[in-house]
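Trainee: Attaching a single structure in structure tokens format; questions to follow.
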Number of protein chains: 2
Amino acid sequence: MNKVTATNEAMINLPIGIFDSGVGGLTVYRALHNRLPNEHFVYLGDTARVPYGTKSLATVERYAIENSQFLSSRGIKMLVVACNTASALALPKIREKIGLDVVGVIGPGARKAVEVTKDKANPRIAVIATEATVQSDAYAASIRQASKTAEVLQTACPLFVSLAEENWTREPETLSIAKKYLQNIIEFKPDALVLGCTHYPILREVIQQTVGENVTLIDSGEACADEVAELLDFKELENPQKITGERRLCDDLDHFYVTDAAERFARVASRFLGATPAKLEAIEVFGIDQLVNGKS
Amino acid sequence: MNKVTATNEAMINLPIGIFDSGVGGLTVYRALHNRLPNEHFVYLGDTARVPYGTKSLATVERYAIENSQFLSSRGIKMLVVACNTASALALPKIREKIGLDVVGVIGPGARKAVEVTKDKANPRIAVIATEATVQSDAYAASIRQASKTAEVLQTACPLFVSLAEENWTREPETLSIAKKYLQNIIEFKPDALVLGCTHYPILREVIQQTVGENVTLIDSGEACADEVAELLDFKELENPQKITGERRLCDDLDHFYVTDAAERFARVASRFLGATPAKLEAIEVFGIDQLVNGKS
């Protein structure tokens, strides 16, 4: 965490890299964009291999490293792993391979959840996430690092991803499914509920309505954006050029890459963000392999 | 379609290859197994890259060819493309690359639908499938080949896949979602409704209840099994060794491969089939690449 001024000089104007398994990470991009309006972003959605949440450790690690190396090769000053599953399973491997600061979403979400709990002696925290994230136990481990006495309950909510992508944010079916998935959590009476999958903030209203107003919802993407802002400040890596004029989500200061189906990505982006990327490029997964392995 | 007896002699004892993007194709395996109890099967579920239904033509073609070449390298006498999306997008390319008979699910499902319609002059056929299959228009094209006067209505039902994998086959939410998705189809008043995604037969009861008993449901996997049986007979490729004793789904005469997450595959298989594969092997996607491209 040393400040190296010569390096900083070269790096401060670079964008922040973000990768996700697909479109879900756009909620993390939105949080970063809102929190850091002077920064530029380069986003990679691995839409050819989405979803990660049902895949194995070895496969998620491999995909995550390829994505990280692709973004690193484009020139970035920091890497954000927006995907909860990749954050849960692959962060150590990514840090080993990439000579950059890497911020995931699990640690920030876990710390924020502990921070907001009322009963500091005995915090009760619930987490909803994909099957792979729940099985990894990464949220529980991070929460217990921040509070040894915390009680944690984790539940997978597989249907929430499809419901978010369908944009069924207020449908009675969504409310009914939420009641079914969150029943154990309601009985657990948590102080905080971590939205441990990038898609879940899209269903925030229904989830809040289901668990009640007494439970503080934690958007791991927002918590991650706060920690990225702190780290940029600490390392003196903030972009010094104040952007004049209006900065909008998905404007041409931010560059989006997908590994497949760009048209579908643009459609879901418009549902999630109310905006379509000005700069959106489809790259081949083969392209990533070639770039990473130096094959021609 | 010539009968070459010398070749047949060498081939008749080989298994039939089946590939799917993941677990959904198990419904097609079940149909083939029931229809052809003397045959052996080798099944590949591409669980590292599932789902195909939201991916592009180029990507689905590439994955489908890799899967076909993997199965071909294991020694099979015929290839069944159980995945509707791969059947819709990649069948010509697979046939170009593989020196074997290839049977998909789209053509058989379409022909069967035309066959069961009551009003032969003006058959009305509805199709439910993934986004990619609907966009490809492959079912509509196949139906019109079988009946120039057919009227076709296609609808994508993205949530059905997750609902089937959750095994929510009788939940009120599933019925309510089915009513929403199938509303246009009910108004269209079809004779037949094609279940154009391998997961949908799992929700057969709810779908039948929603569209009413007057609509004949077509399981493309069952239609495919009938055409495979005819082709085996025509080519004299039926396995001559009658299996003595009980033949069960997933017994050790059938070999299952997955590209990732074998444990999850076994779990969903047990939900779909009431049985877990006796022989289940996880292979690396890298393994496929190496095998296909001859890299070491």
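Residues in the structure tokens are named by chain (A, B, ... in the order shown) and by number from 1 within that chain; ligands are numbered from 1 in the order shown.
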Could you produce a table of the residues of chain B lying within 7 Å of chain A, with the nearest pair of atoms per residue and their separation in Å rounded to one decimal, using only C-alpha atoms, ordered by chain and increasing residue number, as CSV?
Mentor:
```
residue,atom,partner,partner_atom,distance
B:Ala48,CA,A:Lys55,CA,6.4
B:Arg49,CA,A:Arg49,CA,5.2
B:Lys55,CA,A:Ala261,CA,5.6
B:Ser56,CA,A:Ala261,CA,5.2
B:Leu159,CA,A:Ser162,CA,5.9
B:Ser162,CA,A:Leu159,CA,5.9
B:Glu173,CA,A:Glu173,CA,5.7
B:Ser176,CA,A:Glu173,CA,6.9
B:Ile177,CA,A:Glu173,CA,6.8
B:Asp260,CA,A:Ser56,CA,6.3
B:Ala261,CA,A:Ser56,CA,5.2
```
Trainee: Could the residues in this selection be saved with C-alpha atoms as a PDB file, in the first residue's frame?
Mentor:
```
ATOM      1  CA  ALA B  48     -19.334 -25.307 -17.868  1.00  0.00           C
ATOM      2  CA  ARG B  49     -20.973 -23.214 -20.589  1.00  0.00           C
ATOM      3  CA  LYS B  55     -26.078 -16.881 -26.459  1.00  0.00           C
ATOM      4  CA  SER B  56     -25.275 -15.926 -30.043  1.00  0.00           C
ATOM      5  CA  LEU B 159     -38.343 -18.509 -16.078  1.00  0.00           C
ATOM      6  CA  SER B 162     -35.121 -22.109 -13.315  1.00  0.00           C
ATOM      7  CA  GLU B 173     -46.186 -19.493  -8.360  1.00  0.00           C
ATOM      8  CA  SER B 176     -49.337 -18.216 -12.052  1.00  0.00           C
ATOM      9  CA  ILE B 177     -46.178 -17.649 -14.147  1.00  0.00           C
ATOM     10  CA  ASP B 260     -18.251 -28.891 -14.870  1.00  0.00           C
ATOM     11  CA  ALA B 261     -19.984 -29.250 -11.501  1.00  0.00           C
TER      12      ALA B 261
END
```
Trainee: Could you give me, as a list in words, the residues within 8 Å of Val102 (chain B), counting only C-alpha atoms and dropping anything in the same chain fewer than 4 positions from it?
Mentor: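 These residues fall inside the cut-off: Met78, Leu79, Val80, Val81, Leu91, Ile94 and Arg95 of chain B.
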Trainee: Pick out the residues sitting within 10 Å of Val23 (chain A), and hand them over as number ranges by chain; count only C-alpha atoms, and ignore anything fewer than 4 positions along from it in its own chain.
Mentor: A: 19, 27, 44-47, 50-51, 83, 165, 198-199, 258, 264-269, 272
Trainee: Using DSSP on the backbone coordinates, identify the residues of region 63-256 of chain A assigned to strand (DSSP E or B); present them as a PyMOL selection string.
Mentor: chain A and resi 78-81+102-103+124-129+151-156+192-196+216-219+255-256
Trainee: From the set B:Pro240, B:Gly245, B:Pro277, B:Pro92, which residue has the shortest atom-to-atom contact distance to Ile12 (chain B), counting only C-alpha atoms?
Mentor: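 Looking at the shortest contact to Ile12 (chain B), the residue is B:Pro240.
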Trainee: At what distance in Å, to one decimal, does CA of Gly75 (chain A) lie from CA of Arg62 (chain A)?
Mentor: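 If I compute the distance from CA of Arg62 (chain A) to CA of Gly75 (chain A), I get 20.6 Å.
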Trainee: Rank nothing, just name the residue among B:Leu71, B:Ala90, B:Ala10, B:Ile98 nearest to Ser136 (chain B), using only C-alpha atoms.
Mentor: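 Of B:Leu71, B:Ala90, B:Ala10, B:Ile98, the one nearest Ser136 (chain B), counting only C-alpha atoms, is B:Ala90.
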Trainee: Tell me which protein, DNA and RNA residues are within 9 Å of Ser87 (chain A), counting only C-alpha atoms, leaving out same-chain ones fewer than 5 positions away, and put them as a ChimeraX atom specification.
Mentor: /A:64,81-82,92,103-107,133,138
Trainee: Kindly save the residues from that selection, with N, CA, C and O atoms included, as a PDB file, in the first residue's frame.
Mentor:
```pdb
ATOM      1  N   ALA A  64     -12.268 -16.216 -14.199  1.00  0.00           N
ATOM      2  CA  ALA A  64     -11.988 -14.946 -13.516  1.00  0.00           C
ATOM      3  C   ALA A  64     -10.590 -14.442 -13.856  1.00  0.00           C
ATOM      4  O   ALA A  64     -10.384 -13.242 -14.077  1.00  0.00           O
ATOM      5  N   VAL A  81     -13.898  -6.737  -8.884  1.00  0.00           N
ATOM      6  CA  VAL A  81     -14.562  -7.993  -9.228  1.00  0.00           C
ATOM      7  C   VAL A  81     -16.011  -7.847  -8.789  1.00  0.00           C
ATOM      8  O   VAL A  81     -16.347  -8.005  -7.610  1.00  0.00           O
ATOM      9  N   ALA A  82     -16.875  -7.513  -9.734  1.00  0.00           N
ATOM     10  CA  ALA A  82     -18.271  -7.205  -9.404  1.00  0.00           C
ATOM     11  C   ALA A  82     -19.083  -8.461  -9.118  1.00  0.00           C
ATOM     12  O   ALA A  82     -20.069  -8.412  -8.385  1.00  0.00           O
ATOM     13  N   PRO A  92      -8.223 -14.734  -4.230  1.00  0.00           N
ATOM     14  CA  PRO A  92      -6.786 -14.983  -3.982  1.00  0.00           C
ATOM     15  C   PRO A  92      -6.011 -15.264  -5.269  1.00  0.00           C
ATOM     16  O   PRO A  92      -4.929 -14.713  -5.471  1.00  0.00           O
ATOM     17  N   VAL A 103     -10.396  -5.217  -5.761  1.00  0.00           N
ATOM     18  CA  VAL A 103     -11.454  -5.095  -4.759  1.00  0.00           C
ATOM     19  C   VAL A 103     -12.628  -5.973  -5.185  1.00  0.00           C
ATOM     20  O   VAL A 103     -13.115  -5.860  -6.312  1.00  0.00           O
ATOM     21  N   GLY A 104     -13.046  -6.862  -4.300  1.00  0.00           N
ATOM     22  CA  GLY A 104     -14.214  -7.689  -4.577  1.00  0.00           C
ATOM     23  C   GLY A 104     -15.450  -7.096  -3.920  1.00  0.00           C
ATOM     24  O   GLY A 104     -15.418  -5.979  -3.394  1.00  0.00           O
ATOM     25  N   VAL A 105     -16.550  -7.834  -3.937  1.00  0.00           N
ATOM     26  CA  VAL A 105     -17.781  -7.335  -3.322  1.00  0.00           C
ATOM     27  C   VAL A 105     -18.110  -8.013  -1.987  1.00  0.00           C
ATOM     28  O   VAL A 105     -18.885  -7.479  -1.198  1.00  0.00           O
ATOM     29  N   ILE A 106     -17.502  -9.175  -1.734  1.00  0.00           N
ATOM     30  CA  ILE A 106     -17.846  -9.934  -0.518  1.00  0.00           C
ATOM     31  C   ILE A 106     -17.371  -9.206   0.747  1.00  0.00           C
ATOM     32  O   ILE A 106     -18.162  -8.950   1.661  1.00  0.00           O
ATOM     33  N   GLY A 107     -16.070  -8.875   0.799  1.00  0.00           N
ATOM     34  CA  GLY A 107     -15.505  -8.203   1.976  1.00  0.00           C
ATOM     35  C   GLY A 107     -16.241  -6.911   2.296  1.00  0.00           C
ATOM     36  O   GLY A 107     -16.721  -6.731   3.432  1.00  0.00           O
ATOM     37  N   THR A 133     -21.936 -19.233  -4.231  1.00  0.00           N
ATOM     38  CA  THR A 133     -21.485 -18.285  -3.204  1.00  0.00           C
ATOM     39  C   THR A 133     -21.860 -18.805  -1.815  1.00  0.00           C
ATOM     40  O   THR A 133     -21.049 -18.753  -0.885  1.00  0.00           O
ATOM     41  N   ALA A 138     -18.064 -17.861   1.844  1.00  0.00           N
ATOM     42  CA  ALA A 138     -17.178 -16.684   1.860  1.00  0.00           C
ATOM     43  C   ALA A 138     -17.785 -15.520   2.643  1.00  0.00           C
ATOM     44  O   ALA A 138     -17.079 -14.827   3.382  1.00  0.00           O
TER      45      ALA A 138
END
```
Trainee: Any chance you could list, as a PyMOL selection string, the residues in region 103-222 of chain B that come up helix (DSSP H, G or I) when DSSP is run on the backbone?
Mentor: chain B and resi 106-116+131-136+138-146+159-165+172-188+200-211+220-222
Trainee: If we count only C-alpha atoms and set the cut-off at 6 Å, which residues sit around region 222-227 of chain A, ignoring sequence neighbours fewer than 3 positions away in its own chain? Please answer as a list in words.
Mentor: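 The filter keeps Ala31, Leu32, Val105, Pro108, Gly109, Asp219 and Glu230 of chain A.
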Trainee: So which residues touch region 7-9 of chain B within 9 Å, counting only C-alpha atoms, skipping near sequence neighbours fewer than 6 positions away, as an NGL selection string?
Mentor: :B and (77 or 235-237)
Trainee: Go ahead and write the selection's residues with N, CA, C and O atoms as an mmCIF file, in the first residue's frame.
Mentor:
```cif
data_model
loop_
_atom_site.group_PDB
_atom_site.id
_atom_site.type_symbol
_atom_site.label_atom_id
_atom_site.label_comp_id
_atom_site.auth_asym_id
_atom_site.auth_seq_id
_atom_site.Cartn_x
_atom_site.Cartn_y
_atom_site.Cartn_z
ATOM 1 N N LYS B 77 -22.453 -44.442 -32.748
ATOM 2 C CA LYS B 77 -22.969 -44.795 -34.077
ATOM 3 C C LYS B 77 -23.942 -43.763 -34.627
ATOM 4 O O LYS B 77 -24.288 -43.798 -35.810
ATOM 5 N N LYS B 235 -31.379 -48.143 -41.114
ATOM 6 C CA LYS B 235 -29.948 -48.328 -41.376
ATOM 7 C C LYS B 235 -29.419 -49.660 -40.844
ATOM 8 O O LYS B 235 -28.220 -49.914 -40.915
ATOM 9 N N GLU B 236 -30.295 -50.426 -40.256
ATOM 10 C CA GLU B 236 -29.903 -51.707 -39.643
ATOM 11 C C GLU B 236 -28.765 -51.519 -38.649
ATOM 12 O O GLU B 236 -27.764 -52.226 -38.671
ATOM 13 N N LEU B 237 -28.930 -50.527 -37.794
ATOM 14 C CA LEU B 237 -27.904 -50.217 -36.802
ATOM 15 C C LEU B 237 -28.357 -50.558 -35.385
ATOM 16 O O LEU B 237 -27.693 -50.195 -34.412
#
```
Trainee: For Val152 (chain B), list every protein, DNA or RNA residue within 8 Å, evaluated using only C-alpha atoms, and leave out those in the same chain fewer than 2 positions away; present the list as a list in words.
Mentor: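 Once the nearby chain positions are removed, what remains is Arg124, Ile125, Ala126, Val127, Ala140, Ile143, Ala150 and Gln154 of chain B.
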Trainee: As an exercise, work out the distance from CA of Asn184 (chain B) to CA of Thr85 (chain B) in Å and give it to one decimal place.
Mentor: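 These two atoms are separated by 22.3 Å.
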Trainee: Enter the distance from CA of Leu193 (chain A) to CA of Asn34 (chain A), in Å, rounded to one decimal.
Mentor: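 Answer for the CA of Leu193 (chain A) to CA of Asn34 (chain A) separation: 22.3 Å.
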